[in-house]
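Everything below belongs to input06.txt, which stores compact mmCIF, C-alpha atoms.
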# COMPACT_ATOMS: atom_id res chain seq x y z
CA MET A 1 34.40 -41.35 17.09
CA LEU A 2 32.20 -44.45 16.90
CA TYR A 3 29.07 -42.27 17.04
CA TYR A 4 30.34 -39.46 14.84
CA GLU A 5 29.61 -40.95 11.40
CA PRO A 6 26.06 -42.18 12.17
CA MET A 7 25.20 -38.80 13.75
CA LYS A 8 26.66 -36.98 10.79
CA ARG A 9 24.62 -39.09 8.36
CA LEU A 10 21.48 -38.52 10.44
CA LEU A 11 22.07 -34.76 10.41
CA LEU A 12 22.64 -34.69 6.65
CA PHE A 13 19.53 -36.79 6.08
CA SER A 14 17.47 -34.40 8.25
CA ILE A 15 18.76 -31.42 6.25
CA PHE A 16 17.89 -33.25 3.03
CA LEU A 17 14.35 -33.96 4.22
CA CYS A 18 13.96 -30.31 5.22
CA LEU A 19 15.10 -29.11 1.80
CA VAL A 20 12.74 -31.51 0.06
CA ALA A 21 9.85 -30.37 2.25
CA CYS A 22 10.64 -26.70 1.58
CA GLN A 23 10.85 -27.27 -2.16
CA SER A 24 7.61 -29.24 -2.05
CA GLU A 25 5.85 -26.45 -0.13
CA GLU A 26 7.14 -23.82 -2.55
CA GLN A 27 6.00 -25.84 -5.55
CA ARG A 28 2.59 -26.41 -3.97
CA ALA A 29 2.20 -22.68 -3.42
CA LYS A 30 3.11 -21.95 -7.03
CA THR A 31 0.62 -24.54 -8.26
CA LEU A 32 -2.10 -22.93 -6.14
CA VAL A 33 -1.26 -19.49 -7.57
CA THR A 34 -1.67 -20.81 -11.11
CA GLN A 35 -5.17 -21.98 -10.10
CA PHE A 36 -6.15 -18.31 -9.88
CA SER A 37 -6.55 -18.49 -13.66
CA ALA A 38 -9.26 -21.17 -13.36
CA THR A 39 -12.66 -20.39 -14.84
CA ASP A 40 -14.29 -22.10 -11.85
CA ALA A 41 -14.73 -19.50 -9.08
CA ALA A 42 -14.81 -22.23 -6.42
CA ARG A 43 -11.34 -23.45 -7.45
CA ARG A 44 -9.98 -19.91 -7.28
CA THR A 45 -11.49 -19.37 -3.84
CA GLU A 46 -10.15 -22.67 -2.55
CA ALA A 47 -6.67 -21.82 -3.85
CA MET A 48 -6.78 -18.47 -2.09
CA LYS A 49 -7.85 -20.05 1.21
CA SER A 50 -5.05 -22.62 0.98
CA LEU A 51 -2.45 -19.94 0.25
CA ILE A 52 -3.62 -17.80 3.16
CA ALA A 53 -3.34 -20.84 5.43
CA MET A 54 0.26 -21.34 4.24
CA GLU A 55 1.07 -17.82 5.46
CA SER A 56 4.69 -16.74 4.83
CA SER A 57 5.44 -19.97 2.93
CA ALA A 58 3.20 -18.71 0.13
CA ILE A 59 4.69 -15.23 -0.24
CA ASP A 60 7.37 -16.02 -2.85
CA ALA A 61 4.80 -17.74 -5.06
CA LEU A 62 2.37 -14.84 -4.68
CA ILE A 63 5.05 -12.28 -5.53
CA TRP A 64 5.72 -14.36 -8.62
CA GLY A 65 1.98 -14.22 -9.32
CA VAL A 66 1.94 -10.41 -9.11
CA SER A 67 4.11 -10.31 -12.25
CA SER A 68 2.18 -13.01 -14.14
CA GLU A 69 1.03 -12.37 -17.70
CA ASP A 70 -2.48 -13.42 -16.64
CA PRO A 71 -4.34 -10.42 -15.14
CA GLN A 72 -6.58 -12.67 -13.05
CA ILE A 73 -3.54 -14.27 -11.42
CA ARG A 74 -2.04 -10.81 -10.78
CA GLU A 75 -5.24 -9.49 -9.24
CA MET A 76 -5.81 -12.43 -6.91
CA SER A 77 -2.13 -12.63 -5.94
CA VAL A 78 -2.20 -8.98 -4.85
CA TRP A 79 -5.30 -9.46 -2.73
CA THR A 80 -4.10 -12.73 -1.19
CA LEU A 81 -0.86 -11.02 -0.11
CA SER A 82 -2.90 -8.43 1.77
CA GLU A 83 -4.85 -11.20 3.51
CA ILE A 84 -1.63 -12.89 4.69
CA LYS A 85 -0.52 -9.48 6.05
CA THR A 86 2.90 -10.38 7.45
CA PRO A 87 5.80 -9.91 7.12
CA VAL A 88 4.87 -6.41 5.99
CA ALA A 89 8.38 -5.68 4.73
CA ARG A 90 7.96 -8.31 2.01
CA ILE A 91 4.26 -7.94 1.29
CA VAL A 92 3.78 -4.18 0.98
CA PRO A 93 6.54 -3.49 -1.59
CA ALA A 94 5.12 -6.30 -3.76
CA ILE A 95 1.63 -4.81 -3.59
CA ILE A 96 2.94 -1.32 -4.34
CA THR A 97 4.33 -2.60 -7.64
CA SER A 98 0.75 -3.41 -8.66
CA LEU A 99 -0.08 0.32 -8.57
CA THR A 100 1.55 0.68 -11.98
CA ASP A 101 -0.17 -2.36 -13.48
CA PRO A 102 -1.48 -1.72 -17.02
CA ASP A 103 -4.87 -3.06 -15.91
CA GLU A 104 -6.84 -0.37 -14.04
CA THR A 105 -8.80 -2.98 -12.07
CA ILE A 106 -5.57 -4.38 -10.65
CA ARG A 107 -4.35 -0.89 -9.71
CA VAL A 108 -7.60 -0.37 -7.79
CA VAL A 109 -7.27 -3.78 -6.11
CA GLY A 110 -3.69 -2.89 -5.15
CA SER A 111 -4.83 0.36 -3.53
CA VAL A 112 -7.63 -1.38 -1.63
CA ALA A 113 -5.22 -4.16 -0.59
CA LEU A 114 -2.89 -1.56 0.93
CA GLN A 115 -5.83 -0.05 2.81
CA ASN A 116 -6.68 -3.57 3.99
CA LEU A 117 -3.22 -3.79 5.60
CA GLY A 118 -3.86 -0.59 7.55
CA GLU A 119 -1.28 1.21 9.69
CA PRO A 120 1.58 -1.28 9.11
CA ALA A 121 1.58 -0.18 5.45
CA VAL A 122 1.83 3.54 6.26
CA PRO A 123 5.66 3.94 6.32
CA TYR A 124 5.89 2.25 2.90
CA LEU A 125 3.08 4.38 1.50
CA ILE A 126 4.78 7.56 2.74
CA ASP A 127 7.96 6.47 0.96
CA ALA A 128 5.83 5.80 -2.14
CA LEU A 129 4.74 9.46 -2.19
CA ALA A 130 8.22 10.18 -3.56
CA ALA A 131 8.15 7.41 -6.19
CA PRO A 132 9.08 8.33 -9.80
CA SER A 133 5.70 7.01 -10.99
CA ALA A 134 2.79 9.45 -10.62
CA GLU A 135 0.44 6.44 -10.61
CA ILE A 136 2.14 5.09 -7.50
CA ARG A 137 2.13 8.50 -5.81
CA LEU A 138 -1.56 9.17 -6.37
CA ASN A 139 -2.61 5.68 -5.26
CA ALA A 140 -0.38 5.97 -2.19
CA ALA A 141 -2.02 9.29 -1.32
CA TYR A 142 -5.47 7.78 -1.74
CA ALA A 143 -4.61 4.80 0.49
CA LEU A 144 -3.12 7.07 3.17
CA GLY A 145 -6.33 9.09 3.24
CA GLU A 146 -8.37 5.92 3.74
CA ILE A 147 -6.09 4.59 6.48
CA GLY A 148 -5.80 8.00 8.10
CA THR A 149 -3.63 7.08 11.09
CA PRO A 150 -1.23 7.61 12.73
CA LEU A 151 -2.04 11.28 12.18
CA VAL A 152 1.38 12.40 13.36
CA THR A 153 3.02 10.84 10.29
CA VAL A 154 0.21 10.67 7.72
CA VAL A 155 -0.88 14.33 7.78
CA PRO A 156 2.59 15.94 7.44
CA ALA A 157 3.46 13.54 4.62
CA LEU A 158 0.31 14.49 2.73
CA ILE A 159 0.82 18.23 3.35
CA ASN A 160 4.34 17.94 1.91
CA THR A 161 2.87 16.31 -1.21
CA LEU A 162 0.40 19.12 -1.90
CA THR A 163 3.01 20.60 -4.24
CA ASP A 164 3.56 17.42 -6.26
CA PRO A 165 4.34 18.33 -9.91
CA GLU A 166 1.39 16.23 -11.16
CA TRP A 167 -2.11 17.68 -10.86
CA ASN A 168 -3.77 14.29 -10.39
CA VAL A 169 -1.49 13.53 -7.47
CA ARG A 170 -2.27 16.88 -5.84
CA ARG A 171 -5.98 16.22 -6.39
CA LEU A 172 -5.76 12.86 -4.59
CA VAL A 173 -3.72 14.41 -1.77
CA VAL A 174 -6.45 17.02 -1.27
CA ARG A 175 -9.04 14.25 -1.25
CA ALA A 176 -7.00 12.33 1.35
CA LEU A 177 -6.77 15.37 3.64
CA VAL A 178 -10.49 16.06 3.27
CA ARG A 179 -11.13 12.41 4.09
CA ILE A 180 -9.07 12.75 7.29
CA GLY A 181 -11.04 15.91 8.05
CA THR A 182 -10.82 17.93 11.26
CA PRO A 183 -7.55 16.39 12.54
CA ALA A 184 -5.81 17.78 9.42
CA ILE A 185 -7.10 21.36 9.78
CA ASP A 186 -4.34 22.73 12.04
CA SER A 187 -1.65 21.50 9.65
CA LEU A 188 -3.52 22.99 6.69
CA ILE A 189 -3.81 26.33 8.51
CA GLN A 190 -0.03 26.30 8.96
CA ALA A 191 0.31 25.61 5.24
CA LEU A 192 -1.82 28.69 4.54
CA ASN A 193 0.98 30.76 6.10
CA SER A 194 3.70 29.15 3.98
CA PRO A 195 5.84 31.34 1.70
CA ASP A 196 5.17 28.72 -1.01
CA GLN A 197 2.28 30.06 -3.10
CA ASP A 198 1.42 26.65 -4.56
CA LEU A 199 1.25 25.11 -1.10
CA ARG A 200 -1.01 27.92 0.13
CA ARG A 201 -3.34 27.49 -2.85
CA MET A 202 -3.69 23.72 -2.38
CA ALA A 203 -4.13 24.06 1.38
CA GLU A 204 -6.93 26.55 0.76
CA ARG A 205 -8.54 24.15 -1.69
CA ALA A 206 -8.46 21.32 0.88
CA LEU A 207 -9.96 23.55 3.57
CA ASN A 208 -12.59 24.82 1.16
CA ASP A 209 -13.54 21.22 0.23
CA MET A 210 -13.86 20.36 3.93
CA GLY A 211 -16.34 23.21 4.31
CA THR A 212 -16.49 23.11 8.10
CA PRO A 213 -16.90 26.39 10.04
CA GLN A 214 -13.32 26.08 11.32
CA ALA A 215 -11.98 25.51 7.80
CA ARG A 216 -13.95 28.44 6.33
CA LYS A 217 -12.82 30.72 9.16
CA ALA A 218 -9.19 29.78 8.51
CA ILE A 219 -9.53 30.72 4.84
CA THR A 220 -11.20 34.05 5.67
CA GLU A 221 -8.51 34.97 8.21
CA SER A 222 -5.75 33.99 5.79
CA LYS A 223 -7.17 36.24 3.08
CA LYS A 224 -7.51 39.09 5.57
CA ARG A 225 -3.87 38.74 6.59
CA SER A 226 -2.89 38.77 2.94
CA ILE A 227 -4.77 42.05 2.37
CA ASP A 228 -3.27 43.60 5.52
CA ARG A 229 0.20 42.78 4.28
Please express the file's structure as structure tokens.
Amino acid sequence: MLYYEPMKRLLLFSIFLCLVACQSEEQRAKTLVTQFSATDAARRTEAMKSLIAMESSAIDALIWGVSSEDPQIREMSVWTLSEIKTPVARIVPAIITSLTDPDETIRVVGSVALQNLGEPAVPYLIDALAAPSAEIRLNAAYALGEIGTPLVTVVPALINTLTDPEWNVRRLVVRALVRIGTPAIDSLIQALNSPDQDLRRMAERALNDMGTPQARKAITESKKRSIDR
């Protein structure tokens, strides 16, 4: 009992110091994010480097920055999140929200940032193909085409989105499949045999845009089968 009170006070003091340090780190990160609005490019770059070095400690402040009224803060917050990279479960959803930003430049930066994350972003991008926003769906399709792998999940997800109700989304899905190229041909050939007329039409368009001998042969054989039927 003689040691209990001093130990208890020491423990409480340690917890207090930890809380103060955490609050201080969080405030520092937020201050650095606000520096993204600086007119001096060197200050902006230095702020970004410092935030990247802070890693996960900077994520809350950067997510706050993604919703800033200042477009320059939003843009740089999105890109800095992609440079920190982990944890993906916190970073990717925040970047995906930028795909509906009113500023087209920020939407483009968001798409490139997702590509920068690579394969770890793929499951979230596949989920985004079903988002209510067409802007999110088309940017997700574009990013998936640029990442391209793993083929076993990316290609089927894109094929399933060839019948999206929005033309611009379908157009970007076709572009993504063409970008992936030969590894997508077998799945597109299967789509040519689908009972869904819209799916067949978009699969044919993707194969036609690829223009490889294998793709052209698949289209010719599909049309022949259709005549024979």
**OP:** Could you tell me which of A:Asn168, A:Thr80, A:Ser133, A:Ser56 comes closest to Val109 of chain A if we count all atoms listed in the file?
**Re:** A:Thr80
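Pairwise distance (atom CA of Ile73 of chain A, atom CA of Leu125 of chain A) equals 23.6 Å.
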Subject >> Residue nearest Ala130 of chain A - candidates A:Thr34, A:Thr100, A:Thr161, A:Ser111, atoms counted: all atoms listed in the file >> reply: A:Thr161
**OP:** For Leu129 of chain A, list every protein, DNA or RNA residue within 7 Å, evaluated using all atoms listed in the file, and leave out those in the same chain fewer than 3 positions away; present the list as an MDAnalysis selection string.
**Re:** chainID A and resid 125:126 137 140:141
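All residues of protein, DNA or RNA that reach within 12 Å of Gln214 of chain A, judged by only C-alpha atoms and not counting those fewer than 5 positions away in the chain, are Gly181, Thr182, Pro183, Ala184, Ile185, Asp186, Leu188, Ile189, Leu207, Asn208, Ile219, Thr220 and Glu221 of chain A.
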**OP:** Find the distance between atom CA of Val122 of chain A and atom CA of Met202 of chain A and write it in Å to one decimal.
**Re:** 22.6 Å
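Of the listed residues (A:Asp209, A:Glu119, A:Glu135, A:Asp60), A:Glu119 comes nearest to Val154 of chain A; the distances count all atoms listed in the file.
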Name the residues in contact with Ser194 of chain A at a cut-off of 12 Å, using only C-alpha atoms, excluding same-chain residues fewer than 4 positions from it; report them as a CSV table (one decimal) with C-alpha atoms, in the coordinates of the input.
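What follows is the written file around_35.csv:
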chain,number,residue,atom,x,y,z
A,159,ILE,CA,0.8,18.2,3.4
A,160,ASN,CA,4.3,17.9,1.9
A,163,THR,CA,3.0,20.6,-4.2
A,187,SER,CA,-1.6,21.5,9.6
A,188,LEU,CA,-3.5,23.0,6.7
A,189,ILE,CA,-3.8,26.3,8.5
A,190,GLN,CA,0.0,26.3,9.0
A,198,ASP,CA,1.4,26.6,-4.6
A,199,LEU,CA,1.2,25.1,-1.1
A,200,ARG,CA,-1.0,27.9,0.1
A,201,ARG,CA,-3.3,27.5,-2.8
A,202,MET,CA,-3.7,23.7,-2.4
A,203,ALA,CA,-4.1,24.1,1.4
A,204,GLU,CA,-6.9,26.6,0.8
A,222,SER,CA,-5.8,34.0,5.8
A,226,SER,CA,-2.9,38.8,2.9
Subject >> Residue neighbourhood Lys224 of chain A, 12 Å, all atoms listed in the file, exclusion window fewer than 6 positions, as a PyMOL selection string >> reply: chain A and resi 192-193+217-218
Original post:
Which distance in Å separates atom CA of Pro150 of chain A and atom CA of Leu114 of chain A, to one decimal?
Top reply: 15.0 Å
Original post:
Of the candidates A:Met76, A:Ile106, A:Leu138, A:Glu146, which one gets nearest to Pro165 of chain A if we count only C-alpha atoms?
Top reply: A:Leu138
